[in-house]
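Participant: Supplied in structure tokens, the structure appears directly below.
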2 protein chains.
Amino acid sequence: MTVDLELAPKTKRPAGRPCCEPVVYPDVEREQAQRMAQVAKALGDPIRLQLVDVLRKHAGKVCVCELVPLFDLSQPTVSHHLKKLREAGIVGSERQGLWAYYYVIPDSLEEFSAWLT
Amino acid sequence: MTVDLELAPKTKRPAGRPCCEPVVYPDVEREQAQRMAQVAKALGDPIRLQLVDVLRKHAGKVCVCELVPLFDLSQPTVSHHLKKLREAGIVGSERQGLWAYYYVIPDSLEEFSAWLT
DNA sequence: CGGCTGTATTGACAAACATCGATTCAATTG
DNA sequence: CAATTGAATCGATGTTTGTCAATACAGCCG
């Protein structure tokens, strides 16, 4: 449960009278919204959503070389999307020699998922 | 459950040998990803996420005149965000005289929410 | 009708984004 | 060491986005 915002009554008011006094929006809610919006934004591209989908279907880590041929995109572009997901805290990566392996960070989606439900 | 993508084994391969053969990505999954990414994109802005949050906390419809003062934004900008949410199918609107009332469309978030869980 | 009022649209603009080709970088192999 | 290879970064380009001021639009009231 978050802070409950009491809004003015939704009854019809006569025109000429101001609609409602300004309401201060709590900052707590705003910070949470920024965190969740960052996650949502990262998922707001079909490619990235599919990347997360594939990574989630595999319990372990997945090599970038397996991800690239799944899409009709250049390798740098896929790398770019993975970076975006990393910056949003949704995935992590690990290098092993020449290969890079990506995985979903377990609880990264939890706050957003809980809010959405 | 969606189509299961069998990826190549994640074992180390000797360099000089190709990493993995190209895999065709099923179109069904792609269309679902596009739908869900559209929803995620619409929620990928703190203002819009807060708008949806406020609308969801109110079972009924909420007047735009009550939404505008919640944010430090001009009225046209709030109107723009509401339009984006409408285009994503997340909210609906209804006019009553001078006032416009917005509400969350009940099942619009369900597919995305289910995938995320 | 004429003026006011809540909302939506338009136009403009800077910032962010998706994409690619070319390049760089690091590690492995011969 | 030299060549190769998988991944990341860079530079460029065209598109989308968030925002506001100004304007348009539609309904209400005197």
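We label chains A, B, ... in the order they appear in the structure tokens, count residues from 1 in each chain, and number ligands from 1 in the order shown.
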Based on DSSP run over this structure's backbone, return all residues of stretch 67-100 of chain A in helix (DSSP H, G or I), as a list in words.
Facilitator: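 The helix (DSSP H, G or I) residues within stretch 67-100 of chain A come out as Leu67, Val68, Pro69, Leu70, Gln75, Pro76, Thr77, Val78, Ser79, His80, His81, Leu82, Lys83, Lys84, Leu85, Arg86 and Glu87 of chain A.
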Participant: Can you tell me, as an MDAnalysis selection string, what residues are no more than 10 Å from stretch 74-88 of chain A when counting only C-alpha atoms (C1' of nucleotides), ignoring any on the same chain fewer than 2 positions away?
Facilitator: (chainID A and resid 35:43 45 47:49 51:52 64:65 67:72 90:93 102:105 108) or (chainID C and resid 18:21) or (chainID D and resid 6:9)
Participant: Output N, CA and C atoms (P, O5', C5', C4', C3', O3' and C1' of nucleotides) of each residue in that selection to a file, as a short mmCIF file (atom, residue, chain, number, x, y, z; two decimals), in the first residue's frame.
Facilitator:
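Written out: again-v8.cif:
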```cif
data_model
loop_
_atom_site.label_atom_id
_atom_site.label_comp_id
_atom_site.auth_asym_id
_atom_site.auth_seq_id
_atom_site.Cartn_x
_atom_site.Cartn_y
_atom_site.Cartn_z
N ARG A 35 11.70 4.73 -10.45
CA ARG A 35 12.35 3.41 -10.52
C ARG A 35 11.57 2.47 -11.43
N MET A 36 10.27 2.41 -11.21
CA MET A 36 9.46 1.47 -11.98
C MET A 36 9.37 1.89 -13.45
N ALA A 37 9.30 3.19 -13.68
CA ALA A 37 9.23 3.66 -15.07
C ALA A 37 10.53 3.32 -15.80
N GLN A 38 11.63 3.34 -15.09
CA GLN A 38 12.91 2.99 -15.73
C GLN A 38 12.88 1.53 -16.20
N VAL A 39 12.34 0.67 -15.35
CA VAL A 39 12.20 -0.74 -15.73
C VAL A 39 11.25 -0.88 -16.90
N ALA A 40 10.10 -0.21 -16.81
CA ALA A 40 9.11 -0.31 -17.87
C ALA A 40 9.67 0.20 -19.19
N LYS A 41 10.43 1.28 -19.12
CA LYS A 41 11.01 1.85 -20.34
C LYS A 41 11.96 0.85 -21.00
N ALA A 42 12.74 0.19 -20.17
CA ALA A 42 13.69 -0.79 -20.70
C ALA A 42 12.95 -1.95 -21.37
N LEU A 43 11.77 -2.27 -20.86
CA LEU A 43 10.98 -3.36 -21.45
C LEU A 43 10.10 -2.85 -22.58
N ASP A 45 10.54 -2.02 -25.53
CA ASP A 45 11.00 -2.28 -26.89
C ASP A 45 10.88 -3.77 -27.14
N ILE A 47 12.35 -5.91 -28.96
CA ILE A 47 13.59 -6.69 -28.94
C ILE A 47 14.04 -6.95 -27.51
N ARG A 48 14.04 -5.90 -26.70
CA ARG A 48 14.50 -6.08 -25.31
C ARG A 48 13.56 -6.97 -24.53
N LEU A 49 12.27 -6.84 -24.81
CA LEU A 49 11.32 -7.70 -24.12
C LEU A 49 11.56 -9.16 -24.49
N LEU A 51 14.43 -10.38 -25.50
CA LEU A 51 15.70 -10.75 -24.88
C LEU A 51 15.48 -11.21 -23.45
N VAL A 52 14.72 -10.43 -22.70
CA VAL A 52 14.43 -10.80 -21.32
C VAL A 52 13.66 -12.12 -21.28
N VAL A 64 25.98 -14.36 -25.63
CA VAL A 64 25.54 -13.36 -26.59
C VAL A 64 25.50 -13.95 -28.00
N CYS A 65 26.44 -14.84 -28.28
CA CYS A 65 26.51 -15.44 -29.62
C CYS A 65 25.28 -16.27 -29.93
N LEU A 67 22.27 -15.21 -28.71
CA LEU A 67 21.17 -14.23 -28.74
C LEU A 67 21.11 -13.49 -30.08
N VAL A 68 22.27 -13.16 -30.60
CA VAL A 68 22.32 -12.35 -31.82
C VAL A 68 21.54 -12.98 -32.97
N PRO A 69 21.72 -14.27 -33.28
CA PRO A 69 21.01 -14.81 -34.45
C PRO A 69 19.51 -14.96 -34.26
N LEU A 70 19.01 -14.70 -33.06
CA LEU A 70 17.57 -14.77 -32.85
C LEU A 70 16.85 -13.60 -33.49
N PHE A 71 17.59 -12.53 -33.76
CA PHE A 71 16.95 -11.32 -34.26
C PHE A 71 17.56 -10.92 -35.59
N ASP A 72 16.80 -10.19 -36.34
CA ASP A 72 17.25 -9.72 -37.64
C ASP A 72 17.94 -8.37 -37.45
N ILE A 90 18.16 -4.82 -15.04
CA ILE A 90 17.34 -6.01 -15.28
C ILE A 90 18.20 -7.23 -15.55
N VAL A 91 19.31 -7.04 -16.24
CA VAL A 91 20.19 -8.17 -16.52
C VAL A 91 21.61 -7.87 -16.04
N GLY A 92 22.35 -8.92 -15.88
CA GLY A 92 23.77 -8.81 -15.55
C GLY A 92 24.56 -9.58 -16.57
N SER A 93 25.86 -9.34 -16.64
CA SER A 93 26.67 -10.05 -17.61
C SER A 93 27.96 -10.52 -16.97
N TYR A 102 24.86 -13.51 -20.45
CA TYR A 102 23.90 -12.62 -19.80
C TYR A 102 22.86 -13.43 -19.04
N TYR A 103 22.33 -12.80 -18.02
CA TYR A 103 21.31 -13.46 -17.19
C TYR A 103 20.41 -12.40 -16.58
N VAL A 104 19.21 -12.80 -16.25
CA VAL A 104 18.26 -11.89 -15.61
C VAL A 104 18.58 -11.81 -14.12
N ILE A 105 18.62 -10.60 -13.60
CA ILE A 105 18.83 -10.43 -12.17
C ILE A 105 17.50 -10.70 -11.48
N SER A 108 14.92 -8.05 -9.96
CA SER A 108 14.90 -6.73 -10.57
C SER A 108 13.51 -6.31 -11.03
P DA C 18 15.64 2.56 -27.91
"O5'" DA C 18 15.80 2.23 -29.45
"C5'" DA C 18 14.71 2.45 -30.33
"C4'" DA C 18 15.15 2.09 -31.74
"C3'" DA C 18 15.93 0.79 -31.84
"O3'" DA C 18 15.51 0.08 -33.00
"C1'" DA C 18 17.25 2.60 -32.64
P DT C 19 16.04 -1.35 -33.27
"O5'" DT C 19 17.19 -1.11 -34.34
"C5'" DT C 19 16.86 -0.48 -35.58
"C4'" DT C 19 18.12 -0.01 -36.28
"C3'" DT C 19 19.27 -1.01 -36.33
"O3'" DT C 19 19.15 -1.81 -37.50
"C1'" DT C 19 20.00 1.26 -36.05
P DC C 20 20.21 -2.99 -37.78
"O5'" DC C 20 21.38 -2.24 -38.56
"C5'" DC C 20 21.05 -1.41 -39.66
"C4'" DC C 20 22.29 -0.64 -40.08
"C3'" DC C 20 23.51 -1.52 -40.26
"O3'" DC C 20 23.96 -1.48 -41.61
"C1'" DC C 20 24.01 0.40 -38.89
P DG C 21 25.07 -2.55 -42.07
"O5'" DG C 21 26.39 -1.67 -42.09
"C5'" DG C 21 26.42 -0.45 -42.83
"C4'" DG C 21 27.74 0.25 -42.63
"C3'" DG C 21 28.98 -0.62 -42.84
"O3'" DG C 21 30.00 0.19 -43.44
"C1'" DG C 21 28.95 0.19 -40.61
P DG D 6 33.36 -16.11 -33.40
"O5'" DG D 6 32.81 -15.41 -32.08
"C5'" DG D 6 33.22 -15.90 -30.81
"C4'" DG D 6 32.97 -14.84 -29.77
"C3'" DG D 6 31.60 -14.18 -29.86
"O3'" DG D 6 31.08 -14.06 -28.54
"C1'" DG D 6 33.31 -12.54 -30.07
P DA D 7 29.70 -13.31 -28.30
"O5'" DA D 7 30.14 -11.84 -27.93
"C5'" DA D 7 30.92 -11.66 -26.75
"C4'" DA D 7 31.26 -10.20 -26.57
"C3'" DA D 7 30.07 -9.25 -26.54
"O3'" DA D 7 30.12 -8.54 -25.30
"C1'" DA D 7 31.76 -8.45 -28.01
P DA D 8 29.06 -7.41 -24.94
"O5'" DA D 8 29.87 -6.07 -25.17
"C5'" DA D 8 31.13 -5.91 -24.54
"C4'" DA D 8 31.76 -4.60 -24.99
"C3'" DA D 8 30.86 -3.38 -24.87
"O3'" DA D 8 31.56 -2.36 -24.19
"C1'" DA D 8 31.74 -3.55 -27.07
P DT D 9 30.85 -0.97 -23.84
"O5'" DT D 9 31.45 0.01 -24.95
"C5'" DT D 9 32.86 0.05 -25.15
"C4'" DT D 9 33.18 0.91 -26.36
"C3'" DT D 9 32.45 2.25 -26.41
"O3'" DT D 9 33.41 3.27 -26.55
"C1'" DT D 9 32.28 1.14 -28.49
#
```
Participant: Just give me the gap between atom CA of B:Val54 and atom CA of B:Glu110 in Å, one decimal is fine.
Facilitator: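 Calculated distance between atom CA of B:Val54 and atom CA of B:Glu110 is 17.9 Å.
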Participant: Hey, list the chain C side of the contact with chain A: 12 Å cut-off, only C-alpha atoms (C1' of nucleotides), answer as a ChimeraX atom specification.
Facilitator: /C:3-6,17-23,25-28
Participant: Suppose we keep N, CA and C atoms (P, O5', C5', C4', C3', O3' and C1' of nucleotides); can you now write the selection as a short mmCIF file (atom, residue, chain, number, x, y, z; two decimals), in the first residue's frame?
Facilitator:
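Generated file (selection16.cif):
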```cif
data_model
loop_
_atom_site.label_atom_id
_atom_site.label_comp_id
_atom_site.auth_asym_id
_atom_site.auth_seq_id
_atom_site.Cartn_x
_atom_site.Cartn_y
_atom_site.Cartn_z
P DG C 3 -17.52 39.57 -26.18
"O5'" DG C 3 -17.04 38.94 -24.79
"C5'" DG C 3 -17.76 39.25 -23.59
"C4'" DG C 3 -17.61 38.10 -22.60
"C3'" DG C 3 -16.17 37.65 -22.38
"O3'" DG C 3 -15.96 37.49 -21.00
"C1'" DG C 3 -17.49 35.80 -22.98
P DC C 4 -14.50 37.32 -20.41
"O5'" DC C 4 -14.57 35.90 -19.70
"C5'" DC C 4 -15.64 35.62 -18.79
"C4'" DC C 4 -15.79 34.12 -18.64
"C3'" DC C 4 -14.49 33.38 -18.32
"O3'" DC C 4 -14.70 32.61 -17.15
"C1'" DC C 4 -15.66 32.30 -20.07
P DT C 5 -13.45 32.02 -16.35
"O5'" DT C 5 -13.67 30.44 -16.45
"C5'" DT C 5 -14.94 29.88 -16.73
"C4'" DT C 5 -14.77 28.42 -17.11
"C3'" DT C 5 -13.37 27.87 -16.82
"O3'" DT C 5 -13.47 26.53 -16.41
"C1'" DT C 5 -13.84 27.65 -19.10
P DG C 6 -12.29 25.86 -15.54
"O5'" DG C 6 -12.15 24.44 -16.23
"C5'" DG C 6 -13.28 23.56 -16.25
"C4'" DG C 6 -13.08 22.51 -17.33
"C3'" DG C 6 -11.75 21.77 -17.24
"O3'" DG C 6 -12.00 20.38 -17.46
"C1'" DG C 6 -11.95 22.82 -19.36
P DC C 17 17.10 7.30 -23.89
"O5'" DC C 17 16.72 6.79 -25.36
"C5'" DC C 17 15.40 6.96 -25.84
"C4'" DC C 17 15.29 6.35 -27.23
"C3'" DC C 17 16.06 5.04 -27.38
"O3'" DC C 17 15.19 4.06 -27.89
"C1'" DC C 17 16.54 6.54 -29.16
P DA C 18 15.64 2.56 -27.91
"O5'" DA C 18 15.80 2.23 -29.45
"C5'" DA C 18 14.71 2.45 -30.33
"C4'" DA C 18 15.15 2.09 -31.74
"C3'" DA C 18 15.93 0.79 -31.84
"O3'" DA C 18 15.51 0.08 -33.00
"C1'" DA C 18 17.25 2.60 -32.64
P DT C 19 16.04 -1.35 -33.27
"O5'" DT C 19 17.19 -1.11 -34.34
"C5'" DT C 19 16.86 -0.48 -35.58
"C4'" DT C 19 18.12 -0.01 -36.28
"C3'" DT C 19 19.27 -1.01 -36.33
"O3'" DT C 19 19.15 -1.81 -37.50
"C1'" DT C 19 20.00 1.26 -36.05
P DC C 20 20.21 -2.99 -37.78
"O5'" DC C 20 21.38 -2.24 -38.56
"C5'" DC C 20 21.05 -1.41 -39.66
"C4'" DC C 20 22.29 -0.64 -40.08
"C3'" DC C 20 23.51 -1.52 -40.26
"O3'" DC C 20 23.96 -1.48 -41.61
"C1'" DC C 20 24.01 0.40 -38.89
P DG C 21 25.07 -2.55 -42.07
"O5'" DG C 21 26.39 -1.67 -42.09
"C5'" DG C 21 26.42 -0.45 -42.83
"C4'" DG C 21 27.74 0.25 -42.63
"C3'" DG C 21 28.98 -0.62 -42.84
"O3'" DG C 21 30.00 0.19 -43.44
"C1'" DG C 21 28.95 0.19 -40.61
P DA C 22 31.45 -0.45 -43.74
"O5'" DA C 22 32.35 0.12 -42.57
"C5'" DA C 22 32.30 1.52 -42.29
"C4'" DA C 22 33.24 1.84 -41.15
"C3'" DA C 22 34.57 1.07 -41.17
"O3'" DA C 22 35.63 1.97 -40.88
"C1'" DA C 22 33.47 0.71 -39.10
P DT C 23 37.14 1.40 -40.78
"O5'" DT C 23 37.39 1.34 -39.22
"C5'" DT C 23 36.96 2.43 -38.40
"C4'" DT C 23 37.09 2.07 -36.94
"C3'" DT C 23 38.41 1.40 -36.57
"O3'" DT C 23 39.07 2.22 -35.61
"C1'" DT C 23 36.55 0.30 -35.58
P DC C 25 41.38 0.59 -28.53
"O5'" DC C 25 40.96 -0.73 -27.74
"C5'" DC C 25 39.63 -0.87 -27.28
"C4'" DC C 25 39.42 -2.24 -26.69
"C3'" DC C 25 40.70 -2.92 -26.21
"O3'" DC C 25 40.49 -3.38 -24.90
"C1'" DC C 25 39.49 -4.35 -27.65
P DA C 26 41.69 -3.92 -24.03
"O5'" DA C 26 41.29 -5.45 -23.81
"C5'" DA C 26 39.94 -5.77 -23.54
"C4'" DA C 26 39.74 -7.27 -23.64
"C3'" DA C 26 40.89 -8.09 -23.10
"O3'" DA C 26 40.36 -9.25 -22.50
"C1'" DA C 26 40.61 -8.58 -25.37
P DA C 27 41.24 -10.13 -21.56
"O5'" DA C 27 41.17 -11.56 -22.25
"C5'" DA C 27 39.89 -12.09 -22.59
"C4'" DA C 27 40.07 -13.15 -23.64
"C3'" DA C 27 41.19 -14.17 -23.34
"O3'" DA C 27 40.70 -15.46 -23.58
"C1'" DA C 27 41.43 -13.31 -25.49
P DT C 28 41.41 -16.71 -22.99
"O5'" DT C 28 41.31 -17.77 -24.18
"C5'" DT C 28 40.25 -17.67 -25.14
"C4'" DT C 28 40.75 -18.08 -26.49
"C3'" DT C 28 41.75 -19.24 -26.48
"O3'" DT C 28 41.24 -20.31 -27.25
"C1'" DT C 28 42.48 -17.51 -27.90
#
```
Participant: Residues of chain D near chain B: apply a cut-off of 7 Å, count only C-alpha atoms (C1' of nucleotides), and supply the list as a PyMOL selection string.
Facilitator: chain D and resi 5+19+27
Participant: Go ahead and save the residues from that selection, with C-alpha atoms (C1' of nucleotides), as a PDB file, in the first residue's frame.
Facilitator:
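Here's the written file out.pdb:
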```
ATOM      1  C1'  DT D   5      37.227 -14.178 -33.233  1.00  0.00           C
ATOM      2  C1'  DT D  19       7.714  19.758 -22.989  1.00  0.00           C
ATOM      3  C1'  DG D  27     -19.979  23.441 -23.721  1.00  0.00           C
TER       4       DG D  27
END
```
